[in-house]
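A short write-up of the structure that comes next.
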Amino acid sequence: MSKFVKKKSGDLPAISTASLPDIVFMLLFFFMVATVMRDSTLMVSNVLPTADQVQKLDKKDRVLYIYAGKPSIRYQETYGDQARIQLNDKFADVEDVGPFVLAERASKRQELQNVLTTALKVDGDTKMGLITDIKQELRKVSALKINYTTRVGSSAQNLN
């Protein structure tokens, strides 16, 4: 009996894991770049009205969003079923629109402060009185560039 065991010639070498951290970081970097983070959680129902002459905004960093509509089902016990205004992630009153716009304008770069557009994302069932009140508050703070966000209507689809 011999004490020495011969190696089998068919053994495979161990898999090199030297490049594994590179692959992991490459995947991590890809998902960090490709993932879009949501700005705010929608707390109001927001079925946008349709329009036939729609133009897409080019630069999203120059837009402030104001949402208006009935509170979602889970918020109706607390806030009722009347149309409300949502600024970022909280419900607000009409009087809060002006300070919100001023605060958002101040948080932007200096060259963007004068070219900001206020986008109103208003539910189709919201009364025009609330929208008029929002527009009056925007006039008080000189936010005169307003955009109404809509869906593409049936007549605009025929043009494309």
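Letters A, B, ... go to the chains of the structure tokens in the order shown; residues in each chain start at 1; ligands are counted from 1 in the same order.
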Could you go through segment 34-109 of chain A and tell me which residues DSSP, when run on the backbone, assigns to helix (DSSP H, G or I), listing them as a tab-separated table (two decimals) with C-alpha atoms, in the first residue's frame?
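Final output, result_33.tsv:
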chain	number	residue	atom	x	y	z
A	34	ALA	CA	-31.49	53.58	-15.59
A	60	LYS	CA	-38.52	68.61	-16.94
A	61	ASP	CA	-36.18	70.43	-14.54
A	62	ARG	CA	-37.97	73.70	-15.36
A	73	ILE	CA	-59.92	56.26	-1.79
A	74	ARG	CA	-57.52	55.75	1.12
A	75	TYR	CA	-57.45	59.49	1.93
A	76	GLN	CA	-61.20	60.16	1.63
A	77	GLU	CA	-61.92	59.26	5.27
A	78	THR	CA	-59.49	61.91	6.47
A	79	TYR	CA	-59.84	64.63	3.84
A	94	VAL	CA	-55.17	77.61	-1.99
A	95	GLU	CA	-53.21	80.05	0.20
A	96	ASP	CA	-50.26	77.63	0.29
A	97	VAL	CA	-49.74	77.72	-3.50
A	98	GLY	CA	-47.90	81.07	-3.55
A	99	PRO	CA	-45.35	80.20	-0.83
A	100	PHE	CA	-44.85	76.77	-2.43
A	101	VAL	CA	-43.99	78.33	-5.80
A	102	LEU	CA	-41.65	80.86	-4.18
A	103	ALA	CA	-39.87	78.11	-2.21
A	104	GLU	CA	-39.50	75.90	-5.30
A	105	ARG	CA	-38.25	78.85	-7.33
A	106	ALA	CA	-35.65	79.65	-4.67
A	107	SER	CA	-34.43	76.04	-4.64
* Asked: Using only C-alpha atoms, which residues sit within 10 Å of Leu42 of chain A once same-chain residues fewer than 2 positions away are excluded, as a list in words?
  -> Arg38, Asp39, Ser40, Val44, Ser45, Asn46, Tyr67, Pro71, Ser72, Gln86, Leu87, Asn88, Asp89 and Lys90 of chain A
Would you save the residues from that selection as a compact mmCIF listing (two decimals), in the first residue's frame, using N, CA and C atoms?
# COMPACT_ATOMS: atom_id res chain seq x y z
N ARG A 38 -39.62 58.43 -8.60
CA ARG A 38 -40.85 59.20 -8.64
C ARG A 38 -40.68 60.42 -7.74
N ASP A 39 -41.11 61.60 -8.24
CA ASP A 39 -40.96 62.82 -7.48
C ASP A 39 -41.88 62.85 -6.27
N SER A 40 -43.11 62.53 -6.47
CA SER A 40 -44.06 62.57 -5.36
C SER A 40 -45.10 61.48 -5.53
N VAL A 44 -54.20 62.29 -4.98
CA VAL A 44 -55.50 62.67 -5.52
C VAL A 44 -55.78 61.83 -6.76
N SER A 45 -57.06 61.62 -7.05
CA SER A 45 -57.39 60.93 -8.31
C SER A 45 -57.05 61.88 -9.44
N ASN A 46 -56.44 61.36 -10.48
CA ASN A 46 -55.92 62.24 -11.51
C ASN A 46 -56.15 61.62 -12.88
N TYR A 67 -50.97 69.39 -8.32
CA TYR A 67 -52.02 68.41 -8.59
C TYR A 67 -53.31 68.87 -7.93
N PRO A 71 -59.49 63.48 -3.34
CA PRO A 71 -58.53 62.59 -2.67
C PRO A 71 -58.76 61.13 -3.08
N SER A 72 -57.69 60.36 -3.12
CA SER A 72 -57.80 58.94 -3.44
C SER A 72 -58.65 58.24 -2.38
N GLN A 86 -52.75 69.19 -4.13
CA GLN A 86 -51.60 68.47 -3.61
C GLN A 86 -50.33 69.17 -4.09
N LEU A 87 -49.50 69.54 -3.15
CA LEU A 87 -48.19 70.14 -3.44
C LEU A 87 -47.14 69.20 -2.89
N ASN A 88 -46.30 68.68 -3.76
CA ASN A 88 -45.33 67.63 -3.42
C ASN A 88 -46.07 66.45 -2.80
N ASP A 89 -45.81 66.10 -1.56
CA ASP A 89 -46.43 64.92 -0.96
C ASP A 89 -47.42 65.27 0.15
N LYS A 90 -48.07 66.42 0.06
CA LYS A 90 -49.04 66.77 1.10
C LYS A 90 -50.18 67.59 0.50
* To do: Find, counting only C-alpha atoms, the residue in A:Ala83, A:Leu112, A:Val63, A:Leu27 that gets nearest to Ile146 of chain A.
  => A:Val63
* To do: Once DSSP has gone over the backbone, tell me which residues of segment 35-94 of chain A are in strand (DSSP E), as a PyMOL selection string.
  => chain A and resi 50-51+63-69+84-87+90-92
* To do: List the neighbours of segment 147-156 of chain A out to 6 Å using only C-alpha atoms; skip same-chain residues closer than 6 positions along the sequence, and give me the result as a ChimeraX atom specification.
  => /A:48-52,119-121
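Closest approach to Val141 of chain A among A:Arg109, A:Asp81, A:Gly129, A:Thr118: A:Thr118, based on only C-alpha atoms.
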* **Distance of atom CA of Ile85 of chain A from atom CA of Gln136 of chain A, expressed in Å to one decimal place** => 14.1 Å
* For atom CA of Asp123 of chain A and atom CA of Tyr65 of chain A, the interatomic separation in Å (one decimal) ->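 Separating atom CA of Asp123 of chain A from atom CA of Tyr65 of chain A is a distance of 13.3 Å.
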* What is the atom CA of Val115 of chain A-atom CA of Leu138 of chain A distance in Å, reported with one decimal? ->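 Atom-to-atom, atom CA of Val115 of chain A and atom CA of Leu138 of chain A are spaced 14.3 Å apart.
For the choices A:Val33, A:Leu116, A:Ala18, A:Ala92, the atom-to-atom distance to Lys59 of chain A is smallest for A:Leu116 when using only C-alpha atoms.
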